[in-house]
$ cat coords-v5.pdb   # PDB, C-alpha atoms
MODEL        1
ATOM      1  CA  MET A   1       0.000   0.000   0.000  1.00  0.00           C
ATOM      2  CA  ARG A   2       2.839   2.358   0.885  1.00  0.00           C
ATOM      3  CA  ASN A   3       4.524   1.737  -2.497  1.00  0.00           C
ATOM      4  CA  LYS A   4       1.260   2.414  -4.311  1.00  0.00           C
ATOM      5  CA  LEU A   5       0.827   5.722  -2.479  1.00  0.00           C
ATOM      6  CA  ALA A   6       4.432   6.702  -3.254  1.00  0.00           C
ATOM      7  CA  ILE A   7       3.959   5.920  -6.960  1.00  0.00           C
ATOM      8  CA  ILE A   8       0.679   7.854  -7.127  1.00  0.00           C
ATOM      9  CA  SER A   9       2.283  10.817  -5.344  1.00  0.00           C
ATOM     10  CA  LEU A  10       5.229  10.733  -7.738  1.00  0.00           C
ATOM     11  CA  VAL A  11       2.911  10.661 -10.767  1.00  0.00           C
ATOM     12  CA  VAL A  12       0.829  13.568  -9.433  1.00  0.00           C
ATOM     13  CA  VAL A  13       3.940  15.665  -8.710  1.00  0.00           C
ATOM     14  CA  GLY A  14       5.300  14.852 -12.184  1.00  0.00           C
ATOM     15  CA  LEU A  15       2.059  15.877 -13.877  1.00  0.00           C
ATOM     16  CA  LEU A  16       1.903  19.114 -11.895  1.00  0.00           C
ATOM     17  CA  ALA A  17       5.510  19.960 -12.740  1.00  0.00           C
ATOM     18  CA  ALA A  18       4.888  19.280 -16.432  1.00  0.00           C
ATOM     19  CA  SER A  19       1.783  21.487 -16.473  1.00  0.00           C
ATOM     20  CA  VAL A  20       3.418  24.608 -14.970  1.00  0.00           C
ATOM     21  CA  PRO A  21       4.540  25.973 -18.383  1.00  0.00           C
ATOM     22  CA  LEU A  22       0.919  25.880 -19.528  1.00  0.00           C
ATOM     23  CA  PHE A  23       0.118  28.656 -17.069  1.00  0.00           C
ATOM     24  CA  ALA A  24       3.035  30.881 -18.042  1.00  0.00           C
ATOM     25  CA  HIS A  25       2.649  33.810 -20.444  1.00  0.00           C
ATOM     26  CA  HIS A  26       5.295  36.129 -21.770  1.00  0.00           C
ATOM     27  CA  GLY A  27       3.254  39.326 -21.314  1.00  0.00           C
ATOM     28  CA  ALA A  28       4.462  42.605 -22.757  1.00  0.00           C
ATOM     29  CA  ALA A  29       7.726  42.874 -20.814  1.00  0.00           C
ATOM     30  CA  SER A  30       9.816  42.859 -23.994  1.00  0.00           C
ATOM     31  CA  TYR A  31       8.064  45.966 -25.378  1.00  0.00           C
ATOM     32  CA  ASP A  32       9.050  49.541 -24.576  1.00  0.00           C
ATOM     33  CA  THR A  33       5.677  50.751 -23.296  1.00  0.00           C
ATOM     34  CA  SER A  34       6.993  54.303 -22.863  1.00  0.00           C
ATOM     35  CA  LYS A  35       7.518  54.691 -26.596  1.00  0.00           C
ATOM     36  CA  THR A  36       5.264  54.559 -29.663  1.00  0.00           C
ATOM     37  CA  ILE A  37       6.610  54.635 -33.208  1.00  0.00           C
ATOM     38  CA  THR A  38       4.905  54.682 -36.592  1.00  0.00           C
ATOM     39  CA  VAL A  39       5.715  51.955 -39.105  1.00  0.00           C
ATOM     40  CA  THR A  40       4.743  52.684 -42.715  1.00  0.00           C
ATOM     41  CA  GLY A  41       5.129  50.022 -45.365  1.00  0.00           C
ATOM     42  CA  THR A  42       3.708  47.133 -47.338  1.00  0.00           C
ATOM     43  CA  VAL A  43       2.095  44.049 -45.801  1.00  0.00           C
ATOM     44  CA  THR A  44       3.977  40.893 -46.803  1.00  0.00           C
ATOM     45  CA  ASP A  45       2.063  38.413 -44.635  1.00  0.00           C
ATOM     46  CA  TYR A  46      -0.842  38.318 -42.197  1.00  0.00           C
ATOM     47  CA  VAL A  47      -0.937  35.452 -39.713  1.00  0.00           C
ATOM     48  CA  TRP A  48      -4.389  34.935 -38.167  1.00  0.00           C
ATOM     49  CA  ALA A  49      -3.541  32.159 -35.709  1.00  0.00           C
ATOM     50  CA  ASN A  50      -3.104  31.364 -32.033  1.00  0.00           C
ATOM     51  CA  PRO A  51      -1.469  32.339 -29.822  1.00  0.00           C
ATOM     52  CA  HIS A  52      -1.084  35.774 -31.485  1.00  0.00           C
ATOM     53  CA  VAL A  53      -2.023  37.499 -34.717  1.00  0.00           C
ATOM     54  CA  PHE A  54       0.952  38.933 -36.645  1.00  0.00           C
ATOM     55  CA  VAL A  55       1.264  41.395 -39.498  1.00  0.00           C
ATOM     56  CA  LYS A  56       4.569  41.305 -41.353  1.00  0.00           C
ATOM     57  CA  VAL A  57       5.530  44.565 -43.026  1.00  0.00           C
ATOM     58  CA  ASP A  58       8.354  45.703 -45.285  1.00  0.00           C
ATOM     59  CA  ALA A  59       9.190  49.311 -44.379  1.00  0.00           C
ATOM     60  CA  LYS A  60      12.095  51.624 -45.077  1.00  0.00           C
ATOM     61  CA  ASP A  61      14.128  52.994 -42.199  1.00  0.00           C
ATOM     62  CA  GLU A  62      15.492  56.544 -41.946  1.00  0.00           C
ATOM     63  CA  SER A  63      18.403  55.608 -44.243  1.00  0.00           C
ATOM     64  CA  GLY A  64      16.146  54.122 -46.917  1.00  0.00           C
ATOM     65  CA  ASN A  65      17.079  50.512 -46.115  1.00  0.00           C
ATOM     66  CA  MET A  66      14.325  47.888 -46.245  1.00  0.00           C
ATOM     67  CA  VAL A  67      13.405  46.567 -42.802  1.00  0.00           C
ATOM     68  CA  HIS A  68      11.180  43.524 -42.283  1.00  0.00           C
ATOM     69  CA  TRP A  69       8.855  44.305 -39.368  1.00  0.00           C
ATOM     70  CA  ASN A  70       6.865  41.765 -37.381  1.00  0.00           C
ATOM     71  CA  ILE A  71       3.968  43.454 -35.576  1.00  0.00           C
ATOM     72  CA  GLU A  72       2.082  41.504 -32.940  1.00  0.00           C
ATOM     73  CA  ALA A  73      -1.543  41.727 -31.872  1.00  0.00           C
ATOM     74  CA  TRP A  74      -3.520  39.649 -29.376  1.00  0.00           C
ATOM     75  CA  ASN A  75      -5.132  36.296 -30.186  1.00  0.00           C
ATOM     76  CA  PRO A  76      -7.745  35.932 -32.968  1.00  0.00           C
ATOM     77  CA  VAL A  77     -10.697  35.920 -30.542  1.00  0.00           C
ATOM     78  CA  THR A  78      -9.647  39.195 -28.913  1.00  0.00           C
ATOM     79  CA  GLN A  79      -8.900  40.765 -32.298  1.00  0.00           C
ATOM     80  CA  ALA A  80     -12.278  39.623 -33.666  1.00  0.00           C
ATOM     81  CA  ASN A  81     -13.937  41.334 -30.690  1.00  0.00           C
ATOM     82  CA  ARG A  82     -12.083  44.497 -31.747  1.00  0.00           C
ATOM     83  CA  GLY A  83     -13.452  44.255 -35.279  1.00  0.00           C
ATOM     84  CA  TRP A  84     -10.600  42.450 -37.038  1.00  0.00           C
ATOM     85  CA  THR A  85     -11.170  39.500 -39.373  1.00  0.00           C
ATOM     86  CA  LYS A  86      -8.880  37.047 -41.082  1.00  0.00           C
ATOM     87  CA  ASN A  87      -9.105  39.403 -44.095  1.00  0.00           C
ATOM     88  CA  THR A  88      -8.326  42.723 -42.359  1.00  0.00           C
ATOM     89  CA  PHE A  89      -4.854  42.834 -43.923  1.00  0.00           C
ATOM     90  CA  LYS A  90      -3.744  41.390 -47.260  1.00  0.00           C
ATOM     91  CA  PRO A  91      -0.283  41.105 -48.778  1.00  0.00           C
ATOM     92  CA  GLY A  92       0.318  44.251 -50.805  1.00  0.00           C
ATOM     93  CA  ASP A  93      -1.760  46.525 -48.546  1.00  0.00           C
ATOM     94  CA  GLU A  94      -0.047  49.814 -47.749  1.00  0.00           C
ATOM     95  CA  ILE A  95      -0.293  50.400 -44.018  1.00  0.00           C
ATOM     96  CA  GLU A  96       0.693  52.899 -41.373  1.00  0.00           C
ATOM     97  CA  VAL A  97       0.502  51.640 -37.810  1.00  0.00           C
ATOM     98  CA  GLU A  98       1.497  52.880 -34.400  1.00  0.00           C
ATOM     99  CA  THR A  99       3.477  50.277 -32.496  1.00  0.00           C
ATOM    100  CA  ARG A 100       5.347  49.802 -29.256  1.00  0.00           C
ATOM    101  CA  PRO A 101       8.818  48.619 -30.297  1.00  0.00           C
ATOM    102  CA  VAL A 102      10.747  45.904 -28.480  1.00  0.00           C
ATOM    103  CA  LYS A 103      13.398  47.103 -26.074  1.00  0.00           C
ATOM    104  CA  ASN A 104      16.299  45.431 -27.888  1.00  0.00           C
ATOM    105  CA  GLY A 105      15.887  47.496 -31.075  1.00  0.00           C
ATOM    106  CA  GLN A 106      14.823  44.650 -33.368  1.00  0.00           C
ATOM    107  CA  PRO A 107      12.081  45.415 -35.952  1.00  0.00           C
ATOM    108  CA  ILE A 108       9.353  43.901 -33.809  1.00  0.00           C
ATOM    109  CA  GLY A 109       6.405  45.789 -32.395  1.00  0.00           C
ATOM    110  CA  GLN A 110       3.039  45.493 -30.731  1.00  0.00           C
ATOM    111  CA  PHE A 111      -0.020  47.303 -32.104  1.00  0.00           C
ATOM    112  CA  ALA A 112      -0.515  50.435 -30.029  1.00  0.00           C
ATOM    113  CA  GLY A 113      -2.877  52.840 -31.742  1.00  0.00           C
ATOM    114  CA  LYS A 114      -3.766  54.238 -35.142  1.00  0.00           C
ATOM    115  CA  ILE A 115      -4.044  51.830 -38.068  1.00  0.00           C
ATOM    116  CA  MET A 116      -4.291  53.082 -41.661  1.00  0.00           C
ATOM    117  CA  ILE A 117      -4.882  50.535 -44.430  1.00  0.00           C
ATOM    118  CA  ASN A 118      -4.552  51.758 -48.018  1.00  0.00           C
ATOM    119  CA  GLY A 119      -5.127  55.342 -46.873  1.00  0.00           C
ATOM    120  CA  LYS A 120      -8.258  54.590 -44.812  1.00  0.00           C
ATOM    121  CA  GLN A 121      -8.357  54.662 -41.039  1.00  0.00           C
ATOM    122  CA  PHE A 122      -9.299  51.320 -39.524  1.00  0.00           C
ATOM    123  CA  LYS A 123     -11.506  51.900 -36.497  1.00  0.00           C
ATOM    124  CA  LEU A 124     -11.399  49.383 -33.718  1.00  0.00           C
ATOM    125  CA  LYS A 125     -14.733  48.527 -32.116  1.00  0.00           C
ATOM    126  CA  ASN A 126     -15.361  50.592 -28.974  1.00  0.00           C
ATOM    127  CA  ASP A 127     -13.196  53.480 -30.254  1.00  0.00           C
TER     128      ASP A 127
ENDMDL
END

$ encode --input "coords-v5.pdb" --output "structure tokens"
Amino acid sequence: MRNKLAIISLVVVGLLAASVPLFAHHGAASYDTSKTITVTGTVTDYVWANPHVFVKVDAKDESGNMVHWNIEAWNPVTQANRGWTKNTFKPGDEIEVETRPVKNGQPIGQFAGKIMINGKQFKLKND
């Protein structure tokens, strides 16, 4: 009986330890929340998938060099509640978006405000 209890306890502890990463989330710690920048360019890809929606954009930097931006939004359910669809962005769309850049200077951002698609302002629901 004692061996059975030890084995069951070991299995339970193992399952709990393996499930801890399921509760973790990266949050927004990598983004510079004190800063907002505008990225203007052409959509190259739009990923409508869990865990996050991404818009990939080719934009020129101050020197005229092409930079490949990856701009993150929340999950598809949250974005749908904000008025987005799987067709909100299409490759070739010209966009201007306000983003919070990552702290390490890479061309990665998080949607933070105004979104213009082909010269038209996209209004989020509840704005």

$ residues_around --input "coords-v5.pdb" --residues "Asn50 in chain A" --least-positions-apart "5" --cutoff "10 Å" --atoms "all atoms listed in the file" --output "PDB file with C-alpha atoms, in the frame of the given file"
ATOM      1  CA  TRP A  74      -3.520  39.649 -29.376  1.00  0.00           C
ATOM      2  CA  ASN A  75      -5.132  36.296 -30.186  1.00  0.00           C
ATOM      3  CA  PRO A  76      -7.745  35.932 -32.968  1.00  0.00           C
ATOM      4  CA  VAL A  77     -10.697  35.920 -30.542  1.00  0.00           C
TER       5      VAL A  77
END

$ resolve_selection --input "coords-v5.pdb" --expression "the PyMOL selection byres ((chain A and resi 46-48) around 12)" --output "JSON, numbers by chain"
{"A": [42, 43, 44, 45, 49, 50, 51, 52, 53, 54, 55, 56, 57, 69, 70, 71, 72, 73, 74, 75, 76, 77, 78, 79, 80, 84, 85, 86, 87, 88, 89, 90, 91, 92, 93]}

$ closest_residue --input "coords-v5.pdb" --among "A:Gln121, A:Ser63, A:Thr99, A:Gln106" --to "Ser34 in chain A" --atoms "only C-alpha atoms"
A:Thr99

$ atom_distance --input "coords-v5.pdb" --atom1 "CA of Pro107 in chain A" --atom2 "CA of Gly83 in chain A"
25.6 Å

$ closest_residue --input "coords-v5.pdb" --among "A:Lys4, A:Arg82, A:Thr40, A:Lys35" --to "Glu62 in chain A" --atoms "all atoms listed in the file"
A:Thr40

$ resolve_selection --input "coords-v5.pdb" --expression "the PyMOL selection byres ((chain A and resi 120) around 12)" --output "PyMOL selection string"
chain A and resi 93-97+114-119+121-123

$ resolve_selection --input "coords-v5.pdb" --expression "the PyMOL selection byres ((chain A and resi 100) around 6)" --output "list in words"
Asp32, Lys35, Thr36, Thr99, Pro101, Gly109, Gln110 and Ala112 of chain A

$ build_atoms --input "coords-v5.pdb" --residues "range 75-95 of chain A" --atoms "N, CA and C atoms" --output "PDB file, in the coordinates of the input"
ATOM      1  N   ASN A  75      -4.649  37.525 -29.539  1.00  0.00           N
ATOM      2  CA  ASN A  75      -5.132  36.296 -30.186  1.00  0.00           C
ATOM      3  C   ASN A  75      -6.308  36.604 -31.116  1.00  0.00           C
ATOM      4  N   PRO A  76      -6.653  35.685 -32.019  1.00  0.00           N
ATOM      5  CA  PRO A  76      -7.745  35.932 -32.968  1.00  0.00           C
ATOM      6  C   PRO A  76      -9.088  36.263 -32.318  1.00  0.00           C
ATOM      7  N   VAL A  77      -9.414  35.651 -31.191  1.00  0.00           N
ATOM      8  CA  VAL A  77     -10.697  35.920 -30.542  1.00  0.00           C
ATOM      9  C   VAL A  77     -10.752  37.372 -30.054  1.00  0.00           C
ATOM     10  N   THR A  78      -9.695  37.812 -29.396  1.00  0.00           N
ATOM     11  CA  THR A  78      -9.647  39.195 -28.913  1.00  0.00           C
ATOM     12  C   THR A  78      -9.692  40.162 -30.087  1.00  0.00           C
ATOM     13  N   GLN A  79      -8.927  39.880 -31.141  1.00  0.00           N
ATOM     14  CA  GLN A  79      -8.900  40.765 -32.298  1.00  0.00           C
ATOM     15  C   GLN A  79     -10.260  40.784 -33.004  1.00  0.00           C
ATOM     16  N   ALA A  80     -10.936  39.652 -33.063  1.00  0.00           N
ATOM     17  CA  ALA A  80     -12.278  39.623 -33.666  1.00  0.00           C
ATOM     18  C   ALA A  80     -13.233  40.500 -32.857  1.00  0.00           C
ATOM     19  N   ASN A  81     -13.100  40.483 -31.540  1.00  0.00           N
ATOM     20  CA  ASN A  81     -13.937  41.334 -30.690  1.00  0.00           C
ATOM     21  C   ASN A  81     -13.636  42.813 -30.908  1.00  0.00           C
ATOM     22  N   ARG A  82     -12.468  43.111 -31.439  1.00  0.00           N
ATOM     23  CA  ARG A  82     -12.083  44.497 -31.747  1.00  0.00           C
ATOM     24  C   ARG A  82     -12.434  44.884 -33.181  1.00  0.00           C
ATOM     25  N   GLY A  83     -13.018  43.949 -33.922  1.00  0.00           N
ATOM     26  CA  GLY A  83     -13.452  44.255 -35.279  1.00  0.00           C
ATOM     27  C   GLY A  83     -12.552  43.722 -36.380  1.00  0.00           C
ATOM     28  N   TRP A  84     -11.486  43.018 -36.030  1.00  0.00           N
ATOM     29  CA  TRP A  84     -10.600  42.450 -37.038  1.00  0.00           C
ATOM     30  C   TRP A  84     -11.212  41.160 -37.583  1.00  0.00           C
ATOM     31  N   THR A  85     -10.812  40.791 -38.788  1.00  0.00           N
ATOM     32  CA  THR A  85     -11.170  39.500 -39.373  1.00  0.00           C
ATOM     33  C   THR A  85      -9.899  38.888 -39.960  1.00  0.00           C
ATOM     34  N   LYS A  86     -10.044  37.676 -40.451  1.00  0.00           N
ATOM     35  CA  LYS A  86      -8.880  37.047 -41.082  1.00  0.00           C
ATOM     36  C   LYS A  86      -8.532  37.733 -42.400  1.00  0.00           C
ATOM     37  N   ASN A  87      -9.359  38.673 -42.846  1.00  0.00           N
ATOM     38  CA  ASN A  87      -9.105  39.403 -44.095  1.00  0.00           C
ATOM     39  C   ASN A  87      -8.813  40.887 -43.872  1.00  0.00           C
ATOM     40  N   THR A  88      -8.570  41.305 -42.642  1.00  0.00           N
ATOM     41  CA  THR A  88      -8.326  42.723 -42.359  1.00  0.00           C
ATOM     42  C   THR A  88      -7.122  43.242 -43.138  1.00  0.00           C
ATOM     43  N   PHE A  89      -6.061  42.465 -43.179  1.00  0.00           N
ATOM     44  CA  PHE A  89      -4.854  42.834 -43.923  1.00  0.00           C
ATOM     45  C   PHE A  89      -4.623  41.811 -45.033  1.00  0.00           C
ATOM     46  N   LYS A  90      -4.091  42.284 -46.148  1.00  0.00           N
ATOM     47  CA  LYS A  90      -3.744  41.390 -47.260  1.00  0.00           C
ATOM     48  C   LYS A  90      -2.349  41.753 -47.749  1.00  0.00           C
ATOM     49  N   PRO A  91      -1.574  40.772 -48.198  1.00  0.00           N
ATOM     50  CA  PRO A  91      -0.283  41.105 -48.778  1.00  0.00           C
ATOM     51  C   PRO A  91      -0.460  42.149 -49.883  1.00  0.00           C
ATOM     52  N   GLY A  92       0.399  43.164 -49.843  1.00  0.00           N
ATOM     53  CA  GLY A  92       0.318  44.251 -50.805  1.00  0.00           C
ATOM     54  C   GLY A  92      -0.362  45.489 -50.260  1.00  0.00           C
ATOM     55  N   ASP A  93      -1.133  45.350 -49.160  1.00  0.00           N
ATOM     56  CA  ASP A  93      -1.760  46.525 -48.546  1.00  0.00           C
ATOM     57  C   ASP A  93      -0.679  47.488 -48.074  1.00  0.00           C
ATOM     58  N   GLU A  94      -0.926  48.777 -48.286  1.00  0.00           N
ATOM     59  CA  GLU A  94      -0.047  49.814 -47.749  1.00  0.00           C
ATOM     60  C   GLU A  94      -0.613  50.207 -46.396  1.00  0.00           C
ATOM     61  N   ILE A  95       0.213  50.100 -45.355  1.00  0.00           N
ATOM     62  CA  ILE A  95      -0.293  50.400 -44.018  1.00  0.00           C
ATOM     63  C   ILE A  95       0.606  51.388 -43.288  1.00  0.00           C
TER      64      ILE A  95
END
